Amino acid sequence: TVEGLYEQVQDLLENYSGNMSSQELAEYKELSNVLQEMYENITKVKEVVELVETNYPNIPADEDLSSNDIDLIDEMVSEIQDVLENNENNLTEEQKTDLESKLDILESKKSILQDTSDKLDNIDQVVGQLPEMDAVTSDNKDAMEELISGIEDALAMEPCLLSEEDKEALNALKQELQDAIEKLEEVEGGLSDIQDSVANVPSVDEVKTSDKAALEQLVADINQMLVENGNHLSEEEQNELLQLKEELQEKLNSIEALEQEMDKIVNSATEIPEEDELEISDEGVVQNAITLIDKFISNYGTRLSEEELKQLADEKSTLEEKLEHIEDLIEEEEEEAALEAEIEAEMETINNAFTTVSNLEKPGEDDVQSMQQLIEKIDQ
C-alpha cells in the first residue's frame, strides 16, 4: 500500500541515509514527498468517506430539516466538493458515484436551509434600517407591512426549519410591528380628523365669534398631537400641523380683534350718562355711538353671534331712547326761548304804551280804553 511504501522509505531515510550516495538520497527524498502527498490525499479521501458514511444517515428528510443541521451539511458539502475536485483519482468509481449522488442531495438540503437563512437575514436587515418602534412614522409603514409579510412567510415554512428561539423572536417582532402600525393608524386617524376640521373652518374674513371655542380646541388638539405623537409624525406631517396651527391662530386673532372692537363700542355706549343726567350737549356723542353700532353691524354682523347682535341691538335701543330724551330737551329749550321772546316783545309794547299814556295831559275816551287794555296785559 501507499502507506506501507511511505513508511519504508521514511525508515530508509532515517536509518540508512549515511550509506546512500547523494543521488540516491535525493531520489528517495523525492519519492518520499510523492508518497507523502499520495498518502495525505488518500487519507483525505478516507476521512471524507468516513465523514459521509458516519453523518449522512443522520441528516433529516427535507420536511424535518432545522437550522441546527446547517453547519454539518455545509461541512459535508465543502468536503465532498474538495475531494471530487482535487482527489478524484484516489476515488473508486463506486465512491465517486456515491459521493456525487449524496452531494446533490446535500446541496438541495443546503439550498432549503439557505433560503430560510436568507429570509431571516433579510428580516434582520430591514429591522436594522427601521427606527426604534417608538419613533417610526408613516414613512416607515410600507416597509413595516412588508416586513410582517416576510415574517409570516418565514413562519409558514416547514416548522422544523426554524428553531424555537427563532420562532419566538419572529412572533415577538411581528407583534411589535403590528402594535406600532396600530399606533401609526391611530395617529393618522387623529391627523385626518384635524385636517378635516380645519378645512371646514371659514376664512379669516368670515370666521365667527361663535367659532372661537372650536378653534381653540383645534389648536389644543394640534399641540397635543405634536407633544404626544411627535415621534410618530414625519417631518412633512409636523410641518403641515404647524402650518394649520398658524392659520388657526390667525383666525383666532381676527376673532379677538372683532371682540375687542365690539367691547370698545359697547363700553363707549355704556359710558354715556343716564337719561336724568343727559344734557343737550351730549347729542353728538349719542348720535355717534348709534352710528358706530350701525356701521359695526353692517360690516361684521354676519360674524357675530345672536347673543352679541342682541346686545348691540339693546345698546342701540337704549341710545335711541337717550337721543329722543335729548331731542325733548331741545324742544323744551326752544319752547322756553320762544316764550321768553314773546314776553319780551309784550313787555316792550306795554312799556311803550305806558310811556304814551303818561305823557297825556287830558286822556280821551280812546286813551282810557288803551289804558284798560294795558292794565289787562300787565295782569296777564
# chains A, B, ... in the order shown; residues from 1 in each chain; ligands from 1
$ residues_around --residues "A:Leu252" --least-positions-apart "2" --cutoff "9 Å" --atoms "only C-alpha atoms" --output "short mmCIF file (atom, residue, chain, number, x, y, z; two decimals) with N, CA, C and O atoms, in the first residue's frame"
data_model
loop_
_atom_site.label_atom_id
_atom_site.label_comp_id
_atom_site.auth_asym_id
_atom_site.auth_seq_id
_atom_site.Cartn_x
_atom_site.Cartn_y
_atom_site.Cartn_z
N VAL A 204 -60.50 83.73 7.16
CA VAL A 204 -60.20 84.70 8.22
C VAL A 204 -61.18 85.87 8.19
O VAL A 204 -61.46 86.48 9.24
N VAL A 207 -64.82 84.02 9.53
CA VAL A 207 -64.90 83.25 10.77
C VAL A 207 -65.71 84.02 11.81
O VAL A 207 -65.61 85.25 11.91
N THR A 209 -67.42 84.80 15.75
CA THR A 209 -67.00 84.77 17.16
C THR A 209 -67.46 83.48 17.83
O THR A 209 -66.81 82.99 18.76
N ASP A 211 -67.21 80.67 16.61
CA ASP A 211 -66.26 79.60 16.25
C ASP A 211 -65.05 79.57 17.18
O ASP A 211 -64.22 78.66 17.08
N LYS A 212 -64.94 80.54 18.06
CA LYS A 212 -63.71 80.70 18.85
C LYS A 212 -63.37 79.46 19.67
O LYS A 212 -62.23 78.98 19.67
N LEU A 215 -62.08 76.67 17.52
CA LEU A 215 -60.72 76.94 17.03
C LEU A 215 -59.69 76.73 18.13
O LEU A 215 -58.61 76.18 17.88
N GLU A 216 -60.01 77.19 19.31
CA GLU A 216 -59.08 76.99 20.45
C GLU A 216 -58.89 75.50 20.73
O GLU A 216 -57.78 75.07 21.05
N GLU A 247 -52.49 79.03 10.74
CA GLU A 247 -53.72 79.52 10.10
C GLU A 247 -54.82 79.71 11.14
O GLU A 247 -55.57 80.70 11.12
N LEU A 248 -54.95 78.75 12.05
CA LEU A 248 -55.97 78.84 13.09
C LEU A 248 -55.70 80.04 14.01
O LEU A 248 -56.63 80.75 14.41
N GLN A 249 -54.43 80.26 14.35
CA GLN A 249 -54.09 81.38 15.22
C GLN A 249 -54.42 82.71 14.56
O GLN A 249 -54.89 83.65 15.22
N GLU A 250 -54.22 82.78 13.25
CA GLU A 250 -54.57 84.00 12.51
C GLU A 250 -56.07 84.26 12.61
O GLU A 250 -56.51 85.41 12.79
N SER A 254 -58.17 87.29 14.50
CA SER A 254 -59.23 88.06 13.85
C SER A 254 -60.46 88.14 14.74
O SER A 254 -61.09 89.20 14.86
N ILE A 255 -60.82 87.01 15.36
CA ILE A 255 -61.98 86.99 16.26
C ILE A 255 -61.72 87.88 17.48
O ILE A 255 -62.60 88.65 17.90
N GLU A 256 -60.52 87.79 18.04
CA GLU A 256 -60.21 88.59 19.22
C GLU A 256 -60.23 90.08 18.89
O GLU A 256 -60.67 90.90 19.70
N ALA A 257 -59.74 90.44 17.70
CA ALA A 257 -59.79 91.84 17.28
C ALA A 257 -61.24 92.31 17.15
O ALA A 257 -61.58 93.45 17.53
#
$ residues_around --residues "stretch 72-88 of chain A" --least-positions-apart "2" --cutoff "9 Å" --atoms "only C-alpha atoms" --output "number ranges by chain"
A: 41-42, 44-45, 48-49, 51-52, 55-56, 59, 68-70, 90-92, 96, 99-100, 102-104, 106-107, 109-110
$ atom_distance --atom1 "atom CA of A:Thr137" --atom2 "atom CA of A:Ser234"
5.5 Å
$ closest_residue --among "A:Asn299, A:Ser17, A:Glu327, A:Leu242" --to "A:Leu278" --atoms "only C-alpha atoms"
A:Glu327
$ atom_distance --atom1 "atom CA of A:Ser317" --atom2 "atom CA of A:Glu333"
24.3 Å
$ closest_residue --among "A:Glu320, A:Glu27, A:Glu274, A:Glu259" --to "A:Asn288" --atoms "only C-alpha atoms"
A:Glu320
$ atom_distance --atom1 "atom CA of A:Glu146" --atom2 "atom CA of A:Gln114"
20.6 Å
$ residues_around --residues "A:Asn223" --least-positions-apart "2" --cutoff "12 Å" --atoms "only C-alpha atoms" --output "JSON, numbers by chain"
{"A": [191, 194, 216, 217, 218, 219, 220, 221, 225, 226, 227, 228, 229, 230, 238, 241, 242, 244, 245, 246]}
